[in-house]
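S.K.: Input structure: work21.txt, which contains compact mmCIF, C-alpha atoms.
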# COMPACT_ATOMS: atom_id res chain seq x y z
CA MET R 243 19.08 -19.80 19.63
CA PRO R 244 16.86 -17.75 17.28
CA SER R 245 16.49 -19.13 13.78
CA PRO R 246 18.52 -17.67 10.92
CA ILE R 247 17.17 -15.17 8.43
CA ASP R 248 16.54 -16.91 5.10
CA PHE R 249 17.92 -14.79 2.29
CA TYR R 250 16.76 -15.87 -1.18
CA PHE R 251 18.36 -14.11 -4.15
CA ASP R 252 19.43 -14.50 -7.76
CA PHE R 253 23.06 -13.79 -8.70
CA SER R 254 21.85 -11.66 -11.63
CA SER R 255 19.62 -9.45 -9.47
CA PRO R 256 20.79 -5.87 -8.75
CA TYR R 257 18.44 -5.48 -5.78
CA GLY R 258 19.55 -8.88 -4.47
CA TYR R 259 23.12 -7.60 -4.65
CA LEU R 260 22.19 -4.41 -2.77
CA ALA R 261 20.59 -6.49 -0.02
CA SER R 262 23.63 -8.81 0.10
CA GLU R 263 25.81 -5.86 1.07
CA ARG R 264 23.57 -4.87 3.98
CA ILE R 265 21.91 -7.99 5.35
CA GLY R 266 24.92 -9.27 7.30
CA ALA R 267 25.18 -6.16 9.47
CA LEU R 268 21.40 -6.05 9.92
CA ALA R 269 21.28 -9.67 11.13
CA ALA R 270 24.34 -9.23 13.38
CA LYS R 271 22.69 -6.20 15.03
CA HIS R 272 19.96 -8.54 16.24
CA GLY R 273 22.22 -11.51 17.00
CA ARG R 274 20.97 -13.47 13.99
CA GLU R 275 22.70 -15.57 11.37
CA VAL R 276 21.82 -15.37 7.68
CA SER R 277 21.12 -18.47 5.63
CA TRP R 278 22.20 -17.50 2.09
CA ARG R 279 19.96 -19.20 -0.47
CA PRO R 280 20.65 -18.30 -4.12
CA TYR R 281 17.96 -19.49 -6.49
CA LEU R 282 16.90 -18.93 -10.09
CA LEU R 283 14.46 -16.09 -10.57
CA GLY R 284 13.67 -17.16 -14.13
CA VAL R 285 11.92 -20.25 -12.79
CA ALA R 286 9.74 -18.07 -10.53
CA PHE R 287 8.94 -15.77 -13.47
CA LYS R 288 7.22 -18.69 -15.19
CA THR R 289 4.66 -18.67 -12.36
CA THR R 290 4.25 -14.93 -11.93
CA GLY R 291 4.45 -14.09 -15.64
CA SER R 292 7.18 -11.57 -14.88
CA ALA R 293 10.41 -10.87 -16.77
CA PRO R 294 13.84 -9.35 -16.11
CA LEU R 295 13.16 -5.74 -15.07
CA THR R 296 15.22 -4.04 -17.75
CA THR R 297 13.36 -5.86 -20.53
CA ILE R 298 9.99 -4.36 -19.54
CA PRO R 299 8.89 -1.31 -21.57
CA VAL R 300 9.02 2.01 -19.62
CA LYS R 301 9.59 0.23 -16.29
CA GLY R 302 12.95 -1.02 -17.57
CA ALA R 303 14.23 2.50 -18.24
CA TYR R 304 13.16 3.54 -14.75
CA HIS R 305 15.01 0.67 -13.11
CA LEU R 306 18.22 1.39 -15.00
CA ARG R 307 18.06 4.79 -13.29
CA ASP R 308 16.90 3.51 -9.91
CA MET R 309 19.55 0.79 -9.51
CA PRO R 310 22.67 3.00 -9.37
CA ARG R 311 20.74 5.75 -7.57
CA THR R 312 19.58 3.37 -4.84
CA ALA R 313 23.07 1.86 -4.56
CA LYS R 314 24.51 5.34 -4.03
CA TYR R 315 21.77 6.17 -1.50
CA PHE R 316 22.91 3.16 0.55
CA GLY R 317 26.63 3.76 -0.07
CA VAL R 318 27.06 0.51 -2.00
CA ALA R 319 29.44 0.33 -4.99
CA TYR R 320 27.51 -0.38 -8.22
CA ARG R 321 28.22 -0.41 -11.92
CA HIS R 322 25.41 -1.71 -14.09
CA PRO R 323 26.93 -4.75 -15.83
CA SER R 324 26.84 -5.79 -19.44
CA PRO R 325 25.63 -8.33 -20.44
CA PHE R 326 22.54 -8.03 -18.24
CA PRO R 327 20.74 -10.10 -17.14
CA ILE R 328 22.73 -13.34 -17.14
CA SER R 329 21.95 -16.91 -16.20
CA ALA R 330 22.85 -17.54 -12.56
CA VAL R 331 23.04 -21.33 -12.91
CA THR R 332 26.85 -21.64 -12.79
CA PRO R 333 27.55 -19.36 -9.77
CA THR R 334 24.56 -20.92 -7.97
CA ARG R 335 26.05 -24.40 -8.45
CA ALA R 336 29.45 -23.22 -7.23
CA PHE R 337 27.76 -21.79 -4.15
CA TYR R 338 25.83 -24.96 -3.23
CA TRP R 339 28.90 -27.13 -3.79
CA LEU R 340 30.86 -25.07 -1.25
CA ASP R 341 27.85 -24.62 1.06
CA ALA R 342 27.69 -28.40 1.58
CA SER R 343 31.08 -28.40 3.30
CA ASP R 344 31.55 -24.82 4.52
CA PRO R 345 28.48 -22.51 4.68
CA ARG R 346 30.50 -19.58 6.07
CA ARG R 347 32.94 -19.69 3.20
CA ALA R 348 30.05 -20.11 0.74
CA GLU R 349 28.68 -16.83 2.06
CA ASP R 350 32.04 -15.16 1.32
CA LEU R 351 31.89 -16.68 -2.15
CA ALA R 352 28.37 -15.32 -2.71
CA ARG R 353 29.53 -11.81 -1.82
CA ALA R 354 32.60 -12.17 -4.04
CA LEU R 355 30.51 -13.41 -7.00
CA TYR R 356 28.03 -10.55 -6.60
CA ARG R 357 30.83 -7.98 -6.45
CA ALA R 358 32.56 -9.53 -9.44
CA TYR R 359 29.40 -8.99 -11.47
CA PHE R 360 28.01 -5.71 -10.08
CA VAL R 361 31.28 -3.89 -9.35
CA ASP R 362 33.92 -5.38 -11.67
CA GLY R 363 31.55 -6.21 -14.53
CA THR R 364 32.70 -9.83 -14.74
CA ASP R 365 30.20 -12.10 -16.49
CA ILE R 366 29.85 -14.79 -13.81
CA SER R 367 27.54 -16.88 -15.98
CA SER R 368 30.72 -18.25 -17.58
CA ALA R 369 32.35 -21.19 -15.81
CA ASP R 370 35.82 -19.70 -16.39
CA ASN R 371 34.89 -16.49 -14.61
CA THR R 372 33.13 -18.23 -11.72
CA VAL R 373 36.17 -20.49 -11.31
CA ALA R 374 38.45 -17.41 -11.26
CA VAL R 375 36.37 -15.83 -8.48
CA CYS R 376 36.57 -19.12 -6.53
CA GLU R 377 40.35 -19.19 -6.98
CA ARG R 378 40.70 -15.74 -5.46
CA LEU R 379 39.07 -17.21 -2.34
CA GLY R 380 41.70 -19.93 -2.24
CA LEU R 381 39.63 -22.71 -3.81
CA LYS R 382 41.30 -25.04 -6.31
CA ALA R 383 40.28 -24.50 -9.94
CA GLY R 384 40.18 -28.24 -10.63
CA SER R 385 37.86 -28.92 -7.70
CA VAL R 386 35.47 -26.15 -8.74
CA ARG R 387 35.39 -27.36 -12.36
CA ALA R 388 34.67 -30.89 -11.22
CA ALA R 389 31.92 -29.63 -8.91
CA LEU R 390 30.24 -27.64 -11.68
CA ALA R 391 29.97 -30.85 -13.73
CA ASP R 392 28.95 -33.06 -10.81
CA PRO R 393 25.37 -34.41 -11.11
CA ALA R 394 25.04 -34.35 -7.32
CA VAL R 395 25.78 -30.60 -7.28
CA LYS R 396 23.27 -30.04 -10.07
CA ASP R 397 20.67 -32.02 -8.10
CA ARG R 398 21.32 -30.08 -4.92
CA THR R 399 20.98 -26.80 -6.83
CA ARG R 400 17.70 -27.89 -8.41
CA ALA R 401 16.39 -29.01 -5.01
CA GLU R 402 17.30 -25.65 -3.44
CA VAL R 403 15.55 -23.74 -6.22
CA ASP R 404 12.46 -25.89 -5.66
CA LYS R 405 12.62 -25.24 -1.93
CA ALA R 406 12.84 -21.48 -2.53
CA LEU R 407 9.77 -21.60 -4.78
CA ALA R 408 7.90 -23.76 -2.27
CA ARG R 409 8.71 -21.11 0.34
CA GLY R 410 6.95 -18.53 -1.86
CA ALA R 411 10.01 -16.77 -3.30
CA PHE R 412 9.09 -14.86 -6.46
CA GLY R 413 11.61 -12.01 -6.46
CA SER R 414 15.11 -11.09 -5.35
CA PRO R 415 15.80 -10.41 -2.57
CA TYR R 416 13.08 -12.44 -0.85
CA ILE R 417 13.79 -12.61 2.86
CA VAL R 418 11.99 -14.71 5.46
CA VAL R 419 12.25 -13.75 9.14
CA ASP R 420 10.63 -16.15 11.61
CA GLY R 421 8.14 -17.19 8.94
CA GLU R 422 7.37 -13.64 7.79
CA PRO R 423 8.27 -12.94 4.13
CA PHE R 424 9.68 -9.62 2.89
CA TRP R 425 10.29 -8.83 -0.76
CA GLY R 426 12.76 -6.22 -1.96
CA SER R 427 15.88 -4.43 -0.82
CA ASP R 428 13.55 -1.63 0.30
CA ARG R 429 12.07 -3.82 3.03
CA LEU R 430 15.27 -4.02 5.14
CA GLU R 431 14.06 -1.20 7.40
CA GLN R 432 10.85 -3.12 8.09
CA ILE R 433 12.91 -6.25 8.76
CA ASP R 434 15.01 -4.25 11.22
CA LYS R 435 11.88 -3.22 13.11
CA TRP R 436 10.41 -6.74 12.84
CA LEU R 437 13.54 -8.23 14.43
CA GLU R 438 13.53 -5.56 17.12
CA THR R 439 9.86 -5.85 18.07
CA GLY R 440 8.97 -9.43 17.15
CA GLY R 441 6.46 -8.21 14.57
CA TRP R 442 3.22 -6.28 14.53
CA MET U 190 9.77 29.31 -5.87
CA PRO U 191 10.77 25.64 -6.22
CA SER U 192 8.57 23.53 -8.45
CA PRO U 193 5.93 21.26 -6.95
CA ILE U 194 6.38 17.54 -6.48
CA ASP U 195 4.31 15.68 -9.07
CA PHE U 196 2.41 12.86 -7.41
CA TYR U 197 0.88 10.35 -9.84
CA PHE U 198 -1.39 7.70 -8.38
CA ASP U 199 -4.40 5.50 -9.05
CA PHE U 200 -7.37 5.65 -6.66
CA SER U 201 -7.43 1.84 -6.53
CA SER U 202 -3.74 1.55 -5.52
CA PRO U 203 -2.94 0.59 -1.89
CA TYR U 204 0.64 1.87 -2.14
CA GLY U 205 -0.61 5.08 -3.75
CA TYR U 206 -2.91 5.51 -0.76
CA LEU U 207 -0.02 4.91 1.67
CA ALA U 208 2.01 7.59 -0.12
CA SER U 209 -0.97 9.97 -0.11
CA GLU U 210 -0.98 9.90 3.69
CA ARG U 211 2.71 10.83 3.93
CA ILE U 212 3.62 12.98 0.94
CA GLY U 213 2.08 16.21 2.23
CA ALA U 214 4.23 16.31 5.36
CA LEU U 215 7.30 15.30 3.39
CA ALA U 216 6.82 18.10 0.87
CA ALA U 217 6.02 20.67 3.58
CA LYS U 218 9.25 19.75 5.41
CA HIS U 219 11.15 20.98 2.35
CA GLY U 220 8.87 23.94 1.58
CA ARG U 221 7.36 22.24 -1.46
CA GLU U 222 3.85 21.94 -2.80
CA VAL U 223 2.43 18.68 -4.14
CA SER U 224 0.68 18.50 -7.48
CA TRP U 225 -1.81 15.65 -7.07
CA ARG U 226 -2.24 13.79 -10.34
CA PRO U 227 -4.55 10.76 -10.28
CA TYR U 228 -4.34 8.62 -13.40
CA LEU U 229 -5.43 5.18 -14.55
CA LEU U 230 -2.91 2.45 -13.91
CA GLY U 231 -4.74 -0.01 -16.15
CA VAL U 232 -3.77 2.08 -19.17
CA ALA U 233 -0.09 1.90 -18.16
CA PHE U 234 -0.38 -1.87 -17.63
CA LYS U 235 -1.13 -2.24 -21.34
CA THR U 236 2.39 -0.96 -22.06
CA THR U 237 4.25 -2.78 -19.29
CA GLY U 238 2.27 -6.00 -19.55
CA SER U 239 1.58 -5.82 -15.83
CA ALA U 240 -1.65 -6.53 -13.93
CA PRO U 241 -3.27 -5.63 -10.60
CA LEU U 242 -0.91 -6.99 -7.93
CA THR U 243 -3.37 -9.22 -6.16
CA THR U 244 -4.26 -11.06 -9.40
CA ILE U 245 -0.66 -12.27 -9.90
CA PRO U 246 0.04 -15.85 -8.74
CA VAL U 247 2.23 -16.08 -5.60
CA LYS U 248 3.11 -12.35 -5.73
CA GLY U 249 -0.56 -11.49 -5.10
CA ALA U 250 -0.65 -13.45 -1.84
CA TYR U 251 2.52 -11.70 -0.71
CA HIS U 252 1.09 -8.25 -1.40
CA LEU U 253 -2.11 -8.99 0.49
CA ARG U 254 0.17 -9.54 3.48
CA ASP U 255 2.54 -6.66 2.76
CA MET U 256 -0.12 -3.96 2.30
CA PRO U 257 -1.58 -3.95 5.84
CA ARG U 258 1.83 -4.71 7.33
CA THR U 259 3.42 -1.74 5.58
CA ALA U 260 0.49 0.50 6.50
CA LYS U 261 0.94 -0.44 10.15
CA TYR U 262 4.71 0.11 9.89
CA PHE U 263 4.01 3.68 8.81
CA GLY U 264 1.13 4.18 11.24
CA VAL U 265 -1.45 4.58 8.46
CA ALA U 266 -4.99 3.20 8.90
CA TYR U 267 -5.69 0.44 6.36
CA ARG U 268 -8.34 -2.16 5.75
CA HIS U 269 -7.99 -4.11 2.54
CA PRO U 270 -11.16 -3.31 0.59
CA SER U 271 -13.54 -5.57 -1.24
CA PRO U 272 -14.11 -5.42 -4.18
CA PHE U 273 -10.46 -4.94 -5.12
CA PRO U 274 -9.22 -3.61 -7.47
CA ILE U 275 -11.83 -1.21 -8.79
CA SER U 276 -11.97 1.15 -11.75
CA ALA U 277 -10.75 4.60 -10.72
CA VAL U 278 -12.44 6.43 -13.61
CA THR U 279 -15.28 8.01 -11.59
CA PRO U 280 -13.25 9.35 -8.63
CA THR U 281 -10.56 10.55 -11.07
CA ARG U 282 -13.17 12.55 -13.02
CA ALA U 283 -14.56 14.04 -9.81
CA PHE U 284 -11.04 15.05 -8.84
CA TYR U 285 -10.21 16.79 -12.14
CA TRP U 286 -13.55 18.58 -12.19
CA LEU U 287 -12.81 20.13 -8.78
CA ASP U 288 -9.11 20.61 -9.54
CA ALA U 289 -10.01 22.97 -12.41
CA SER U 290 -11.51 25.47 -9.99
CA ASP U 291 -9.90 24.67 -6.63
CA PRO U 292 -6.74 22.49 -6.57
CA ARG U 293 -6.40 22.71 -2.78
CA ARG U 294 -9.88 21.39 -2.24
CA ALA U 295 -9.32 18.73 -4.90
CA GLU U 296 -6.38 17.52 -2.80
CA ASP U 297 -8.70 17.22 0.21
CA LEU U 298 -11.13 15.31 -1.98
CA ALA U 299 -8.38 12.94 -3.12
CA ARG U 300 -7.48 12.15 0.49
CA ALA U 301 -11.15 11.69 1.38
CA LEU U 302 -11.75 9.35 -1.58
CA TYR U 303 -8.69 7.28 -0.73
CA ARG U 304 -9.76 6.99 2.93
CA ALA U 305 -13.32 6.11 1.92
CA TYR U 306 -11.94 3.17 -0.04
CA PHE U 307 -8.98 2.01 2.05
CA VAL U 308 -10.33 2.74 5.54
CA ASP U 309 -14.14 2.67 5.29
CA GLY U 310 -14.34 0.07 2.51
CA THR U 311 -16.58 2.24 0.32
CA ASP U 312 -16.54 1.21 -3.34
CA ILE U 313 -15.68 4.60 -4.87
CA SER U 314 -15.96 3.23 -8.42
CA SER U 315 -19.70 3.83 -8.05
CA ALA U 316 -20.92 7.34 -8.89
CA ASP U 317 -23.30 7.31 -5.90
CA ASN U 318 -20.45 6.65 -3.49
CA THR U 319 -18.10 9.18 -5.05
CA VAL U 320 -20.90 11.77 -4.91
CA ALA U 321 -21.46 10.95 -1.22
CA VAL U 322 -17.78 11.53 -0.45
CA CYS U 323 -17.96 14.85 -2.33
CA GLU U 324 -21.02 15.87 -0.33
CA ARG U 325 -19.20 15.30 2.94
CA LEU U 326 -16.71 17.92 1.73
CA GLY U 327 -19.56 20.38 1.18
CA LEU U 328 -19.90 19.92 -2.57
CA LYS U 329 -23.39 19.81 -4.09
CA ALA U 330 -24.53 16.35 -5.26
CA GLY U 331 -26.18 17.81 -8.37
CA SER U 332 -23.02 19.62 -9.43
CA VAL U 333 -20.89 16.50 -8.97
CA ARG U 334 -23.35 14.35 -10.94
CA ALA U 335 -23.41 16.88 -13.76
CA ALA U 336 -19.59 17.02 -13.75
CA LEU U 337 -19.26 13.23 -13.96
CA ALA U 338 -21.36 13.27 -17.14
CA ASP U 339 -19.70 16.37 -18.62
CA PRO U 340 -17.71 15.60 -21.83
CA ALA U 341 -15.25 18.38 -20.93
CA VAL U 342 -14.46 16.66 -17.63
CA LYS U 343 -14.03 13.35 -19.41
CA ASP U 344 -11.66 15.01 -21.90
CA ARG U 345 -9.63 16.66 -19.15
CA THR U 346 -9.34 13.30 -17.35
CA ARG U 347 -8.21 11.56 -20.52
CA ALA U 348 -5.67 14.30 -21.20
CA GLU U 349 -4.25 14.05 -17.67
CA VAL U 350 -3.90 10.27 -17.99
CA ASP U 351 -2.05 10.77 -21.27
CA LYS U 352 0.23 13.35 -19.65
CA ALA U 353 1.04 10.96 -16.81
CA LEU U 354 1.96 8.22 -19.28
CA ALA U 355 4.04 10.66 -21.35
CA ARG U 356 5.88 11.54 -18.14
CA GLY U 357 6.80 7.86 -17.77
CA ALA U 358 4.34 6.88 -15.03
CA PHE U 359 3.86 3.10 -14.96
CA GLY U 360 3.02 2.46 -11.29
CA SER U 361 1.40 4.02 -8.27
CA PRO U 362 2.71 6.05 -6.58
CA TYR U 363 5.01 7.52 -9.25
CA ILE U 364 6.55 10.69 -7.97
CA VAL U 365 8.65 13.20 -9.91
CA VAL U 366 10.91 15.60 -8.03
CA ASP U 367 12.69 18.22 -10.13
CA GLY U 368 12.63 15.87 -13.10
CA GLU U 369 13.79 12.81 -11.13
CA PRO U 370 11.26 9.92 -11.08
CA PHE U 371 10.67 7.71 -8.04
CA TRP U 372 8.38 4.68 -8.06
CA GLY U 373 6.77 3.22 -4.96
CA SER U 374 5.75 4.24 -1.48
CA ASP U 375 9.10 2.78 -0.37
CA ARG U 376 10.99 5.56 -2.16
CA LEU U 377 9.79 8.38 0.11
CA GLU U 378 12.98 8.19 2.19
CA GLN U 379 15.07 8.66 -0.95
CA ILE U 380 12.83 11.55 -1.98
CA ASP U 381 13.41 13.11 1.43
CA LYS U 382 17.18 12.92 0.92
CA TRP U 383 16.87 14.08 -2.70
CA LEU U 384 14.96 17.19 -1.60
CA GLU U 385 17.46 17.85 1.17
CA THR U 386 20.60 17.44 -0.92
CA GLY U 387 19.48 18.32 -4.44
CA GLY U 388 20.28 14.80 -5.64
CA TRP U 389 23.35 12.63 -6.04
Starting from the file, lay out its structure as structure tokens.
M.R.:
Amino acid sequence: MPSPIDFYFDFSSPYGYLASERIGALAAKHGREVSWRPYLLGVAFKTTGSAPLTTIPVKGAYHLRDMPRTAKYFGVAYRHPSPFPISAVTPTRAFYWLDASDPRRAEDLARALYRAYFVDGTDISSADNTVAVCERLGLKAGSVRAALADPAVKDRTRAEVDKALARGAFGSPYIVVDGEPFWGSDRLEQIDKWLETGGW
Amino acid sequence: MPSPIDFYFDFSSPYGYLASERIGALAAKHGREVSWRPYLLGVAFKTTGSAPLTTIPVKGAYHLRDMPRTAKYFGVAYRHPSPFPISAVTPTRAFYWLDASDPRRAEDLARALYRAYFVDGTDISSADNTVAVCERLGLKAGSVRAALADPAVKDRTRAEVDKALARGAFGSPYIVVDGEPFWGSDRLEQIDKWLETGGW
């Protein structure tokens, strides 16, 4: 059984969202599973000295143009959300709570949270909105609210963020295939070839 | 006559080099010329707060891995040079001196300078080495040395760097097609589609 593809991303990351819409089919093509691993990019930025793309002079304006253009190029629905960026803490906690009992359903939740933010413009940094997305997947509002306040869920989330950083994640998406790291939604073609050939 | 593709790059940029090896064929496929426009990335970094990739914690280590891997993926010869990065002032001046009289030959010089650095490991920041590359293209050493010290060549170089920044260039490669900017060697596929379809 080949190991899963580790997919690190931040729920506020446009390029992470673009990858989330394509990585499932890419992995399936090569008979691989995907291990979805949301983390918090802001923590990585403290190490790299980086900042949310749209806040950077000149580069920010470019990315506001590149994000919808690249989404369209790949046929992925995209509407640049406002506010942007947002804190991904709440949706990340919801994810890891569900992931502990049902990783497959947590993956569906991750996709639903991403689409809520980058297609419907829902601010998923708010607990109310994250709970509403969970409810649409059939989860009970009360359980989600309890989970978001549960110290064990907070600890698990913190531990997963630390693991992502220890793995070398510094951007979103950051994808590790059989130990080989790839950064950016524009590396999926290389990943495809890597999976096909075993690397070069 | 469709307008040329504007190709902004820094002679010390690995991804600029990768693009330099592919952009000619891409443009030719669509009946376009390429306007080669070296500039100085360090000046842009002052605005964006960025730094040479390999000097950034964590991200730097990733890029040292990604550069040769991506080169191999595209079938482009690459050997990560030392010292890295270097100042591109001298090769950029040599380029603009030649460009004033013979743009086609200046393009050949740009390719030769890039290969000298990223394949042969020649430190082209040194005047002696840039002159040697020029000589291999049949240019006279004395003329190149005089050009490198010529205030008019320095002024032209400065003016071209300013024009690149005014155009919004902040990285390398930065490629403008019919007014549409694309950043990164990983945007050549989008450029291909943009040229084919007229944009989306």
S.K.: Got a sec: who's within 10 Å of Glu369 (chain U), counting all atoms listed in the file, leaving out chain neighbours fewer than 2 positions off, as an MDAnalysis selection string?
M.R.: (chainID R and resid 304 307:308) or (chainID U and resid 194 364:367 371 380 383 388)
S.K.: Distance limit 6 Å, atoms considered: only C-alpha atoms. Which chain U residues sit that close to chain R? Return them as a PyMOL selection string.
M.R.: chain U and resi 237+245-246
S.K.: Taking C-alpha atoms for each residue, export the selection above as a tab-separated table (two decimals), in the frame of the given file.
M.R.:
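And here's again-v9.tsv as it stands now:
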chain	number	residue	atom	x	y	z
U	237	THR	CA	4.25	-2.78	-19.29
U	245	ILE	CA	-0.66	-12.27	-9.90
U	246	PRO	CA	0.04	-15.85	-8.74
S.K.: Write out as a ChimeraX atom specification which residues come within 7 Å of Phe249 (chain R) when counting only C-alpha atoms, dropping same-chain ones fewer than 6 positions away.
M.R.: /R:276-279,415-418
S.K.: Keeping C-alpha atoms, export the residues of the selection given above as a PDB file, keeping the file's coordinate frame.
M.R.:
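The result, stored in again.pdb:
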ATOM      1  CA  VAL R 276      21.820 -15.370   7.680  1.00  0.00           C
ATOM      2  CA  SER R 277      21.120 -18.470   5.630  1.00  0.00           C
ATOM      3  CA  TRP R 278      22.200 -17.500   2.090  1.00  0.00           C
ATOM      4  CA  ARG R 279      19.960 -19.200  -0.470  1.00  0.00           C
ATOM      5  CA  PRO R 415      15.800 -10.410  -2.570  1.00  0.00           C
ATOM      6  CA  TYR R 416      13.080 -12.440  -0.850  1.00  0.00           C
ATOM      7  CA  ILE R 417      13.790 -12.610   2.860  1.00  0.00           C
ATOM      8  CA  VAL R 418      11.990 -14.710   5.460  1.00  0.00           C
TER       9      VAL R 418
END
S.K.: Applying 9 Å and all atoms listed in the file, which residues near Leu230 (chain U) remain after dropping the ones on its own chain fewer than 4 positions away? List them as a VMD selection string.
M.R.: chain U and resid 198 to 199 201 to 202 234 to 235 241 277 350 358 to 361
S.K.: Find the distance between CA of Pro323 (chain R) and CA of Thr386 (chain U) and write it in Å to one decimal.
M.R.: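 The value is 27.5 Å.
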S.K.: Go ahead and compute the interatomic distance for CA of Arg334 (chain U) and CA of Asn318 (chain U), in Å to one decimal.
M.R.: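 Calculated distance between CA of Arg334 (chain U) and CA of Asn318 (chain U) is 11.1 Å.
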S.K.: Can you work out the spacing between CA of Thr346 (chain U) and CA of Leu287 (chain U) in Å, to one decimal?
M.R.: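 Calculated distance between CA of Thr346 (chain U) and CA of Leu287 (chain U) is 11.5 Å.
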S.K.: When distances are computed from all atoms listed in the file, which of R:Ala354, R:Ala391, R:Val361, R:Leu306 shows the smallest separation from Glu377 (chain R)?
M.R.: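 When distances to Glu377 (chain R) are compared using all atoms listed in the file, the smallest one comes from R:Ala354.
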S.K.: In terms of the shortest atom-to-atom distance over only C-alpha atoms, which of R:Gly284, R:Pro244, R:Pro333, R:Pro256 is closest to Tyr320 (chain R)?
M.R.: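 The closest residue to Tyr320 (chain R) is R:Pro256.
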S.K.: Could you please give me, as an NGL selection string, the residues of protein, DNA or RNA lying at most 10 Å from (29.3, -7.5, 0.5) in the coordinate frame of the file, considering only C-alpha atoms?
M.R.: :R and (259-267 or 318-319 or 349-357)
S.K.: Closest to Val331 (chain R) among R:Ala394, R:Gly258, R:Ala369, R:Lys405, using all atoms listed in the file?
M.R.: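 Among R:Ala394, R:Gly258, R:Ala369, R:Lys405, it is R:Ala369 that comes nearest to Val331 (chain R).
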S.K.: Choose the residue, out of R:Arg346, R:Ser324, R:Ala383, R:Gly273, that has the smallest atom-to-atom separation from Glu438 (chain R); count only C-alpha atoms.
M.R.: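 The shortest atom-to-atom distance to Glu438 (chain R) comes from R:Gly273.
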S.K.: In terms of the shortest atom-to-atom distance over all atoms listed in the file, which of R:Glu275, R:Asp248, R:Asp341, R:Glu402 is closest to Ala389 (chain R)?
M.R.: R:Asp341
